[in-house]
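**Q** This is target_33.csv (CSV, N, CA and C atoms).
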chain,number,residue,atom,x,y,z
A,215,MET,N,-80.4,-67.3,70.0
A,215,MET,CA,-79.1,-67.6,69.5
A,215,MET,C,-78.2,-66.4,69.6
A,216,ALA,N,-78.8,-65.2,69.7
A,216,ALA,CA,-77.9,-64.0,69.8
A,216,ALA,C,-77.0,-64.0,71.0
A,217,ASP,N,-77.4,-64.6,72.1
A,217,ASP,CA,-76.6,-64.6,73.3
A,217,ASP,C,-75.7,-65.9,73.3
A,218,HIS,N,-75.9,-66.8,72.4
A,218,HIS,CA,-75.1,-68.0,72.4
A,218,HIS,C,-74.9,-68.5,71.0
A,219,MET,N,-74.2,-67.6,70.2
A,219,MET,CA,-74.0,-68.0,68.8
A,219,MET,C,-72.9,-69.0,68.6
A,220,LEU,N,-71.8,-69.0,69.5
A,220,LEU,CA,-70.7,-69.8,69.3
A,220,LEU,C,-70.2,-70.5,70.6
A,221,ASP,N,-69.9,-71.8,70.5
A,221,ASP,CA,-69.3,-72.5,71.6
A,221,ASP,C,-67.8,-72.6,71.3
A,222,VAL,N,-67.4,-72.7,70.0
A,222,VAL,CA,-66.0,-72.7,69.6
A,222,VAL,C,-65.9,-71.7,68.5
A,223,VAL,N,-64.9,-70.8,68.8
A,223,VAL,CA,-64.7,-69.7,67.8
A,223,VAL,C,-63.4,-70.0,67.1
A,224,SER,N,-63.5,-70.2,65.8
A,224,SER,CA,-62.3,-70.5,65.0
A,224,SER,C,-62.7,-70.4,63.5
A,225,THR,N,-61.8,-69.9,62.7
A,225,THR,CA,-62.0,-70.0,61.2
A,225,THR,C,-61.3,-71.2,60.7
A,226,ASP,N,-60.7,-72.0,61.5
A,226,ASP,CA,-60.0,-73.2,61.1
A,226,ASP,C,-60.9,-74.5,61.2
A,227,GLN,N,-61.2,-75.1,60.1
A,227,GLN,CA,-62.0,-76.3,60.1
A,227,GLN,C,-61.4,-77.4,60.9
A,228,HIS,N,-60.1,-77.4,61.0
A,228,HIS,CA,-59.3,-78.5,61.8
A,228,HIS,C,-59.4,-78.2,63.3
A,229,THR,N,-59.9,-77.1,63.7
A,229,THR,CA,-60.2,-76.8,65.1
A,229,THR,C,-61.6,-77.0,65.4
A,230,VAL,N,-62.5,-76.6,64.5
A,230,VAL,CA,-63.9,-76.7,64.8
A,230,VAL,C,-64.4,-78.2,64.7
A,231,LYS,N,-64.0,-79.0,63.7
A,231,LYS,CA,-64.5,-80.3,63.6
A,231,LYS,C,-64.1,-81.2,64.8
A,232,PRO,N,-62.9,-81.2,65.3
A,232,PRO,CA,-62.6,-82.0,66.4
A,232,PRO,C,-63.2,-81.6,67.7
A,233,TRP,N,-63.7,-80.3,67.8
A,233,TRP,CA,-64.3,-79.8,69.0
A,233,TRP,C,-65.6,-80.6,69.2
A,234,PHE,N,-66.3,-81.0,68.1
A,234,PHE,CA,-67.5,-81.8,68.3
A,234,PHE,C,-67.3,-83.2,68.8
A,235,ASN,N,-66.1,-83.7,68.7
A,235,ASN,CA,-65.8,-85.1,69.2
A,235,ASN,C,-66.3,-85.3,70.6
A,236,GLY,N,-67.0,-86.4,70.8
A,236,GLY,CA,-67.5,-86.7,72.2
A,236,GLY,C,-68.8,-85.9,72.6
A,237,LYS,N,-69.1,-84.9,71.8
A,237,LYS,CA,-70.3,-84.1,72.1
A,237,LYS,C,-71.5,-84.5,71.3
A,238,LEU,N,-71.3,-85.2,70.2
A,238,LEU,CA,-72.3,-85.7,69.3
A,238,LEU,C,-72.1,-87.1,69.0
A,239,ASP,N,-73.1,-87.8,68.6
A,239,ASP,CA,-73.0,-89.2,68.2
A,239,ASP,C,-72.7,-89.4,66.7
A,240,PHE,N,-72.2,-88.3,66.1
A,240,PHE,CA,-71.8,-88.3,64.7
A,240,PHE,C,-70.7,-87.3,64.5
A,241,SER,N,-70.1,-87.3,63.3
A,241,SER,CA,-69.0,-86.4,63.0
A,241,SER,C,-69.5,-85.5,61.9
A,242,PRO,N,-69.8,-84.2,62.1
A,242,PRO,CA,-70.3,-83.4,61.0
A,242,PRO,C,-69.2,-83.0,60.1
A,243,PRO,N,-69.5,-82.8,58.8
A,243,PRO,CA,-68.5,-82.3,57.9
A,243,PRO,C,-68.4,-80.8,58.1
A,244,VAL,N,-67.1,-80.4,58.2
A,244,VAL,CA,-66.8,-79.0,58.4
A,244,VAL,C,-66.0,-78.5,57.3
A,245,LYS,N,-66.4,-77.5,56.5
A,245,LYS,CA,-65.7,-77.1,55.3
A,245,LYS,C,-65.3,-75.7,55.4
A,246,ASP,N,-64.1,-75.4,54.8
A,246,ASP,CA,-63.6,-74.0,54.7
A,246,ASP,C,-64.1,-73.4,53.4
A,247,LEU,N,-65.0,-72.4,53.5
A,247,LEU,CA,-65.5,-71.7,52.3
A,247,LEU,C,-65.0,-70.3,52.3
A,248,GLY,N,-63.9,-70.0,52.9
A,248,GLY,CA,-63.4,-68.6,52.9
A,248,GLY,C,-63.1,-68.2,51.5
A,249,ALA,N,-62.6,-69.0,50.6
A,249,ALA,CA,-62.3,-68.6,49.2
A,249,ALA,C,-63.5,-68.3,48.4
A,250,GLN,N,-64.7,-68.8,48.9
A,250,GLN,CA,-66.0,-68.5,48.2
A,250,GLN,C,-66.7,-67.4,48.9
A,251,ALA,N,-66.0,-66.7,49.8
A,251,ALA,CA,-66.6,-65.5,50.5
A,251,ALA,C,-67.6,-65.9,51.6
A,252,PHE,N,-67.5,-67.1,52.1
A,252,PHE,CA,-68.3,-67.6,53.2
A,252,PHE,C,-67.4,-68.2,54.3
A,253,PRO,N,-66.7,-67.3,55.0
A,253,PRO,CA,-65.7,-67.9,55.9
A,253,PRO,C,-66.4,-68.5,57.1
A,254,LEU,N,-65.9,-69.6,57.6
A,254,LEU,CA,-66.3,-70.3,58.8
A,254,LEU,C,-65.9,-69.4,60.0
A,255,ILE,N,-66.8,-69.2,61.0
A,255,ILE,CA,-66.4,-68.4,62.1
A,255,ILE,C,-66.5,-69.2,63.4
A,256,GLY,N,-67.1,-70.4,63.3
A,256,GLY,CA,-67.1,-71.3,64.5
A,256,GLY,C,-68.2,-72.3,64.5
A,257,GLY,N,-68.6,-72.8,65.6
A,257,GLY,CA,-69.7,-73.8,65.7
A,257,GLY,C,-70.2,-73.8,67.1
A,258,ARG,N,-71.3,-74.6,67.3
A,258,ARG,CA,-71.9,-74.8,68.6
A,258,ARG,C,-72.8,-76.0,68.5
A,259,LEU,N,-73.1,-76.5,69.7
A,259,LEU,CA,-74.1,-77.5,69.8
A,259,LEU,C,-75.5,-76.9,69.9
A,260,ASP,N,-76.5,-77.5,69.3
A,260,ASP,CA,-77.8,-77.0,69.3
A,260,ASP,C,-78.7,-78.2,69.4
A,261,TYR,N,-80.0,-77.9,69.6
A,261,TYR,CA,-81.0,-79.0,69.7
A,261,TYR,C,-82.2,-78.7,68.8
A,262,ILE,N,-82.5,-79.7,68.0
A,262,ILE,CA,-83.7,-79.6,67.1
A,262,ILE,C,-84.5,-80.9,67.3
A,263,GLY,N,-85.8,-80.7,67.5
A,263,GLY,CA,-86.6,-81.9,67.7
A,263,GLY,C,-86.2,-82.8,68.8
A,264,GLY,N,-85.6,-82.3,69.8
A,264,GLY,CA,-85.1,-83.2,70.9
A,264,GLY,C,-83.8,-83.9,70.6
A,265,ARG,N,-83.1,-83.5,69.5
A,265,ARG,CA,-81.9,-84.2,69.1
A,265,ARG,C,-80.7,-83.2,69.1
A,266,SER,N,-79.6,-83.6,69.6
A,266,SER,CA,-78.4,-82.8,69.5
A,266,SER,C,-77.9,-82.7,68.0
A,267,VAL,N,-77.6,-81.5,67.6
A,267,VAL,CA,-77.2,-81.3,66.2
A,267,VAL,C,-76.0,-80.4,66.2
A,268,ALA,N,-75.2,-80.4,65.2
A,268,ALA,CA,-74.1,-79.5,65.0
A,268,ALA,C,-74.6,-78.3,64.3
A,269,ALA,N,-74.2,-77.1,64.8
A,269,ALA,CA,-74.5,-75.9,64.1
A,269,ALA,C,-73.1,-75.2,63.8
A,270,LEU,N,-72.9,-75.1,62.5
A,270,LEU,CA,-71.7,-74.4,62.0
A,270,LEU,C,-72.1,-73.0,61.6
A,271,ILE,N,-71.3,-72.1,62.0
A,271,ILE,CA,-71.6,-70.7,61.7
A,271,ILE,C,-70.6,-70.1,60.7
A,272,TYR,N,-71.2,-69.6,59.6
A,272,TYR,CA,-70.5,-69.0,58.5
A,272,TYR,C,-70.9,-67.5,58.4
A,273,GLN,N,-70.1,-66.8,57.7
A,273,GLN,CA,-70.5,-65.3,57.6
A,273,GLN,C,-70.3,-65.0,56.1
A,274,HIS,N,-71.1,-64.0,55.7
A,274,HIS,CA,-71.0,-63.4,54.3
A,274,HIS,C,-71.2,-62.0,54.5
A,275,HIS,N,-70.2,-61.2,54.3
A,275,HIS,CA,-70.2,-59.8,54.6
A,275,HIS,C,-70.6,-59.6,56.1
A,276,LYS,N,-71.7,-59.0,56.4
A,276,LYS,CA,-72.1,-58.8,57.8
A,276,LYS,C,-73.3,-59.8,58.2
A,277,HIS,N,-73.6,-60.7,57.3
A,277,HIS,CA,-74.7,-61.7,57.5
A,277,HIS,C,-74.1,-63.0,58.1
A,278,VAL,N,-74.9,-63.5,59.0
A,278,VAL,CA,-74.5,-64.8,59.6
A,278,VAL,C,-75.4,-65.9,59.0
A,279,ILE,N,-74.7,-67.1,58.8
A,279,ILE,CA,-75.4,-68.3,58.2
A,279,ILE,C,-75.3,-69.4,59.3
A,280,ASN,N,-76.4,-69.9,59.8
A,280,ASN,CA,-76.4,-71.0,60.7
A,280,ASN,C,-76.7,-72.2,59.8
A,281,LEU,N,-75.7,-73.2,59.9
A,281,LEU,CA,-75.9,-74.4,59.1
A,281,LEU,C,-76.0,-75.6,60.1
A,282,PHE,N,-77.2,-76.1,60.2
A,282,PHE,CA,-77.6,-77.2,61.2
A,282,PHE,C,-77.4,-78.5,60.4
A,283,ILE,N,-76.7,-79.5,61.1
A,283,ILE,CA,-76.4,-80.8,60.5
A,283,ILE,C,-76.7,-81.9,61.5
A,284,TRP,N,-77.3,-83.0,60.9
A,284,TRP,CA,-77.5,-84.2,61.8
A,284,TRP,C,-77.7,-85.4,60.8
A,285,PRO,N,-77.5,-86.6,61.3
A,285,PRO,CA,-77.6,-87.8,60.5
A,285,PRO,C,-79.1,-87.9,60.1
A,286,ALA,N,-79.3,-88.5,58.9
A,286,ALA,CA,-80.6,-88.7,58.4
A,286,ALA,C,-80.6,-89.9,57.4
A,287,ASN,N,-81.7,-90.5,57.2
A,287,ASN,CA,-81.8,-91.6,56.2
A,287,ASN,C,-82.5,-91.1,55.0
A,288,GLU,N,-82.1,-89.9,54.5
A,288,GLU,CA,-82.7,-89.4,53.3
A,288,GLU,C,-81.8,-89.6,52.2
A,289,LYS,N,-82.4,-89.7,51.0
A,289,LYS,CA,-81.6,-89.8,49.8
A,289,LYS,C,-80.9,-88.4,49.5
A,290,ASP,N,-79.8,-88.5,48.8
A,290,ASP,CA,-79.1,-87.2,48.5
A,290,ASP,C,-80.0,-86.3,47.7
A,291,SER,N,-80.0,-85.0,48.0
A,291,SER,CA,-80.9,-84.1,47.3
A,291,SER,C,-80.1,-82.8,47.1
A,292,LYS,N,-80.6,-82.0,46.1
A,292,LYS,CA,-80.0,-80.7,45.8
A,292,LYS,C,-80.6,-79.7,46.8
A,293,PRO,N,-79.9,-78.6,47.1
A,293,PRO,CA,-80.5,-77.5,47.9
A,293,PRO,C,-81.8,-77.0,47.3
A,294,ALA,N,-82.8,-76.9,48.2
A,294,ALA,CA,-84.1,-76.3,47.8
A,294,ALA,C,-84.4,-75.2,48.8
A,295,ALA,N,-84.8,-74.1,48.2
A,295,ALA,CA,-85.2,-72.9,49.0
A,295,ALA,C,-86.6,-73.1,49.5
A,296,PHE,N,-86.9,-72.5,50.7
A,296,PHE,CA,-88.2,-72.5,51.3
A,296,PHE,C,-88.7,-71.1,51.4
A,297,VAL,N,-90.0,-70.9,51.6
A,297,VAL,CA,-90.6,-69.6,51.8
A,297,VAL,C,-89.9,-69.0,53.0
A,298,PRO,N,-89.5,-67.7,52.9
A,298,PRO,CA,-88.9,-67.1,54.1
A,298,PRO,C,-89.8,-67.2,55.3
A,299,ILE,N,-89.1,-67.4,56.5
A,299,ILE,CA,-89.8,-67.6,57.7
A,299,ILE,C,-89.3,-66.5,58.7
A,300,GLN,N,-90.3,-65.6,59.0
A,300,GLN,CA,-90.0,-64.5,59.9
A,300,GLN,C,-88.8,-63.7,59.4
A,301,GLY,N,-88.7,-63.5,58.1
A,301,GLY,CA,-87.6,-62.7,57.6
A,301,GLY,C,-86.3,-63.4,57.3
A,302,TYR,N,-86.3,-64.7,57.6
A,302,TYR,CA,-85.1,-65.5,57.3
A,302,TYR,C,-85.3,-66.4,56.2
A,303,ASN,N,-84.3,-66.5,55.3
A,303,ASN,CA,-84.3,-67.5,54.2
A,303,ASN,C,-83.8,-68.8,54.7
A,304,VAL,N,-84.3,-69.9,54.2
A,304,VAL,CA,-84.0,-71.3,54.6
A,304,VAL,C,-83.8,-72.1,53.4
A,305,THR,N,-82.8,-73.0,53.4
A,305,THR,CA,-82.6,-74.0,52.4
A,305,THR,C,-82.2,-75.3,53.1
A,306,HIS,N,-82.5,-76.4,52.4
A,306,HIS,CA,-82.3,-77.7,53.0
A,306,HIS,C,-81.8,-78.7,51.9
A,307,TRP,N,-80.9,-79.6,52.2
A,307,TRP,CA,-80.5,-80.6,51.3
A,307,TRP,C,-79.9,-81.8,52.1
A,308,SER,N,-79.7,-82.9,51.5
A,308,SER,CA,-79.2,-84.1,52.1
A,308,SER,C,-78.1,-84.7,51.2
A,309,GLU,N,-77.1,-85.2,51.9
A,309,GLU,CA,-76.0,-86.0,51.2
A,309,GLU,C,-75.2,-86.8,52.2
A,310,ALA,N,-74.7,-87.9,51.8
A,310,ALA,CA,-73.8,-88.8,52.6
A,310,ALA,C,-74.5,-89.1,54.0
A,311,GLU,N,-75.8,-89.4,53.9
A,311,GLU,CA,-76.5,-89.7,55.1
A,311,GLU,C,-76.6,-88.6,56.2
A,312,MET,N,-76.5,-87.4,55.7
A,312,MET,CA,-76.6,-86.2,56.6
A,312,MET,C,-77.7,-85.3,56.0
A,313,THR,N,-78.4,-84.6,56.9
A,313,THR,CA,-79.3,-83.6,56.5
A,313,THR,C,-78.7,-82.2,56.9
A,314,PHE,N,-78.9,-81.2,56.0
A,314,PHE,CA,-78.4,-79.9,56.2
A,314,PHE,C,-79.5,-78.9,56.1
A,315,TRP,N,-79.6,-77.9,57.0
A,315,TRP,CA,-80.5,-76.8,57.0
A,315,TRP,C,-79.7,-75.6,57.2
A,316,ALA,N,-79.8,-74.7,56.2
A,316,ALA,CA,-79.1,-73.4,56.3
A,316,ALA,C,-80.1,-72.3,56.5
A,317,VAL,N,-79.9,-71.4,57.5
A,317,VAL,CA,-80.8,-70.4,57.9
A,317,VAL,C,-80.0,-69.1,58.0
A,318,SER,N,-80.5,-68.0,57.3
A,318,SER,CA,-79.8,-66.7,57.3
A,318,SER,C,-80.7,-65.6,56.9
A,319,ASP,N,-80.3,-64.4,57.2
A,319,ASP,CA,-81.0,-63.2,56.7
A,319,ASP,C,-80.5,-62.8,55.3
A,320,LEU,N,-79.5,-63.6,54.8
A,320,LEU,CA,-79.0,-63.3,53.5
A,320,LEU,C,-80.2,-63.5,52.5
A,321,ASN,N,-80.1,-62.8,51.3
A,321,ASN,CA,-81.1,-63.0,50.3
A,321,ASN,C,-81.1,-64.4,49.8
A,322,GLU,N,-82.2,-64.9,49.2
A,322,GLU,CA,-82.3,-66.3,48.7
A,322,GLU,C,-81.2,-66.7,47.8
A,323,LYS,N,-80.8,-65.8,46.9
A,323,LYS,CA,-79.8,-66.1,45.9
A,323,LYS,C,-78.4,-66.4,46.5
A,324,GLU,N,-78.0,-65.5,47.5
A,324,GLU,CA,-76.7,-65.8,48.1
A,324,GLU,C,-76.8,-67.0,49.1
A,325,LEU,N,-77.9,-67.2,49.7
A,325,LEU,CA,-78.0,-68.4,50.5
A,325,LEU,C,-77.9,-69.7,49.7
A,326,MET,N,-78.5,-69.7,48.5
A,326,MET,CA,-78.4,-70.8,47.6
A,326,MET,C,-77.0,-71.0,47.1
A,327,GLU,N,-76.3,-69.9,46.9
A,327,GLU,CA,-74.9,-70.0,46.5
A,327,GLU,C,-74.0,-70.6,47.6
A,328,PHE,N,-74.3,-70.2,48.9
A,328,PHE,CA,-73.6,-70.8,50.0
A,328,PHE,C,-73.9,-72.4,50.0
A,329,ALA,N,-75.1,-72.8,49.8
A,329,ALA,CA,-75.5,-74.2,49.9
A,329,ALA,C,-74.8,-74.9,48.7
A,330,GLN,N,-74.8,-74.4,47.6
A,330,GLN,CA,-74.1,-75.0,46.4
A,330,GLN,C,-72.6,-75.1,46.7
A,331,ASP,N,-72.0,-74.1,47.3
A,331,ASP,CA,-70.5,-74.1,47.6
A,331,ASP,C,-70.2,-75.1,48.6
A,332,PHE,N,-71.1,-75.2,49.7
A,332,PHE,CA,-70.9,-76.2,50.7
A,332,PHE,C,-71.0,-77.6,50.2
A,333,LYS,N,-72.0,-77.9,49.4
A,333,LYS,CA,-72.2,-79.2,48.8
A,333,LYS,C,-71.1,-79.6,47.8
A,334,GLY,N,-70.5,-78.6,47.2
A,334,GLY,CA,-69.5,-78.8,46.1
A,334,GLY,C,-68.0,-78.9,46.6
A,335,VAL,N,-67.8,-78.5,47.9
A,335,VAL,CA,-66.4,-78.5,48.4
A,335,VAL,C,-66.2,-79.7,49.2
A,336,SER,N,-65.1,-80.4,49.0
A,336,SER,CA,-64.7,-81.6,49.8
A,336,SER,C,-64.2,-81.2,51.2
A,337,PRO,N,-64.5,-82.0,52.2
A,337,PRO,CA,-64.1,-81.6,53.5
A,337,PRO,C,-62.6,-81.7,53.7
In structure tokens, write the structure found in this file.
**A**
Amino acid sequence: MADHMLDVVSTDQHTVKPWFNGKLDFSPPVKDLGAQAFPLIGGRLDYIGGRSVAALIYQHHKHVINLFIWPANEKDSKPAAFVPIQGYNVTHWSEAEMTFWAVSDLNEKELMEFAQDFKGVSP
């Protein structure tokens, strides 16, 4: 990811969201979390499990947060933290027939704050 972090560079959710049109078979929610100290810096297409997914890139101080989003038939759930994987913290939740996975080198507390802020802010 270091060599291909962004396909679209913008802090404007109204630029990033339409960029995904025609590139995915769903429309990912893109939220502006700048007021919560997690500014959007852009997005990219990614692939997980052979499926195209949206990857939104947020920042907190000098830390990058990759938020992967794709449709899912899961019930809505609250963000749950996972055991760190190779030095990265991970959290997952579902809502509105979408699944969300946030991955970052942020500490667990701040990553959970990001997840709560994303879940609580309307698009």
**Q** Enter the distance from atom N of A:Trp284 to atom N of A:Thr313, in Å, rounded to one decimal.
**A**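 Going from atom N of A:Trp284 over to atom N of A:Thr313, I get 4.4 Å.
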**Q** Could you build a table of the residues in stretch 224-266 of chain A lying no more than 8 Å from stretch 318-331 of chain A, giving for each the nearest pair of atoms and their separation in Å rounded to one decimal place, using all atoms listed in the file, ordered by chain and ascending residue number, as JSON lines?
**A**
{"residue": "A:Asp246", "atom": "C", "partner": "A:Asp331", "partner_atom": "C", "distance": 7.9}
{"residue": "A:Leu247", "atom": "CA", "partner": "A:Asp331", "partner_atom": "C", "distance": 6.9}
{"residue": "A:Gln250", "atom": "CA", "partner": "A:Asp331", "partner_atom": "CA", "distance": 7.2}
{"residue": "A:Ala251", "atom": "C", "partner": "A:Phe328", "partner_atom": "CA", "distance": 7.9}
{"residue": "A:Phe252", "atom": "CA", "partner": "A:Phe328", "partner_atom": "CA", "distance": 7.0}
**Q** Using only C-alpha atoms - which residues lie no farther than 7 Å from the point (-64.7, -87.4, 64.4) in the file's frame? Write them as a list in words.
**A**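 The requested residues, written out, are Pro232, Asn235 and Ser241 of chain A.
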**Q** Can you measure atom C of A:Asp239 to atom C of A:Pro293 for me? One decimal in Å is fine.
**A**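 Between these atoms lies a distance of 24.8 Å.
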**Q** Enter the distance from atom N of A:Ile255 to atom C of A:Asp290, in Å, rounded to one decimal.
**A**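 Between these atoms lies a distance of 25.4 Å.
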**Q** As number ranges by chain, list the residues of chain A assigned to strand (DSSP E) by DSSP on the backbone atoms of this structure.
**A** A: 222-223, 254-262, 265-274, 277-285, 291-295, 303-309, 312-318
**Q** Go through A:Thr229, A:Asn303, A:Ser224, A:Ser266 and flag the residue nearest A:Ile279, using only C-alpha atoms for the distances.
**A**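 Of all the options, A:Asn303 lies closest to A:Ile279.
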**Q** Residues at most 10 Å from A:Val222, counting only C-alpha atoms, excluding those fewer than 4 positions away in the same chain, as JSON, numbers by chain?
**A** {"A": [229, 230, 231, 233, 234, 255, 256, 257, 258, 259, 270, 271]}
**Q** Which residue gives the smallest distance to A:Tyr261 among A:Phe332, A:Glu311, A:Ile283, A:Phe240, with only C-alpha atoms counted?
**A**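 Counting only C-alpha atoms, the residue closest to A:Tyr261 is A:Ile283.
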**Q** Considering only N, CA and C atoms, can you say which of A:Gln273, A:Asn280, A:Thr225, A:Ser291 comes closest to A:Ser308?
**A**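 Closest to A:Ser308 of all the choices is A:Ser291.
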**Q** For each of A:His306, A:Lys245, A:Gln300, A:Val317, take the minimum atom-to-atom distance to A:His277, counting only C-alpha atoms, then give the residue where this is smallest.
**A**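 Under the stated criterion, the closest residue is A:Val317.
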**Q** Give me every alpha helix (DSSP H) residue in chain A, going by DSSP on the backbone, as a ChimeraX atom specification.
**A** /A:227-233,322-334
**Q** Of the candidates A:Leu238, A:Tyr272, A:Gly301, A:Met312, which one gets nearest to A:Asn287 if we count only N, CA and C atoms?
**A**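 Closest to A:Asn287, using only N, CA and C atoms: A:Met312.
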**Q** Could you check the closest approach to A:Leu281 for each of A:Tyr302, A:Phe314, A:Trp307, A:Phe296 and tell me which residue wins, using only C-alpha atoms?
**A**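 Of A:Tyr302, A:Phe314, A:Trp307, A:Phe296, the one nearest A:Leu281 is A:Phe314, counting only C-alpha atoms.
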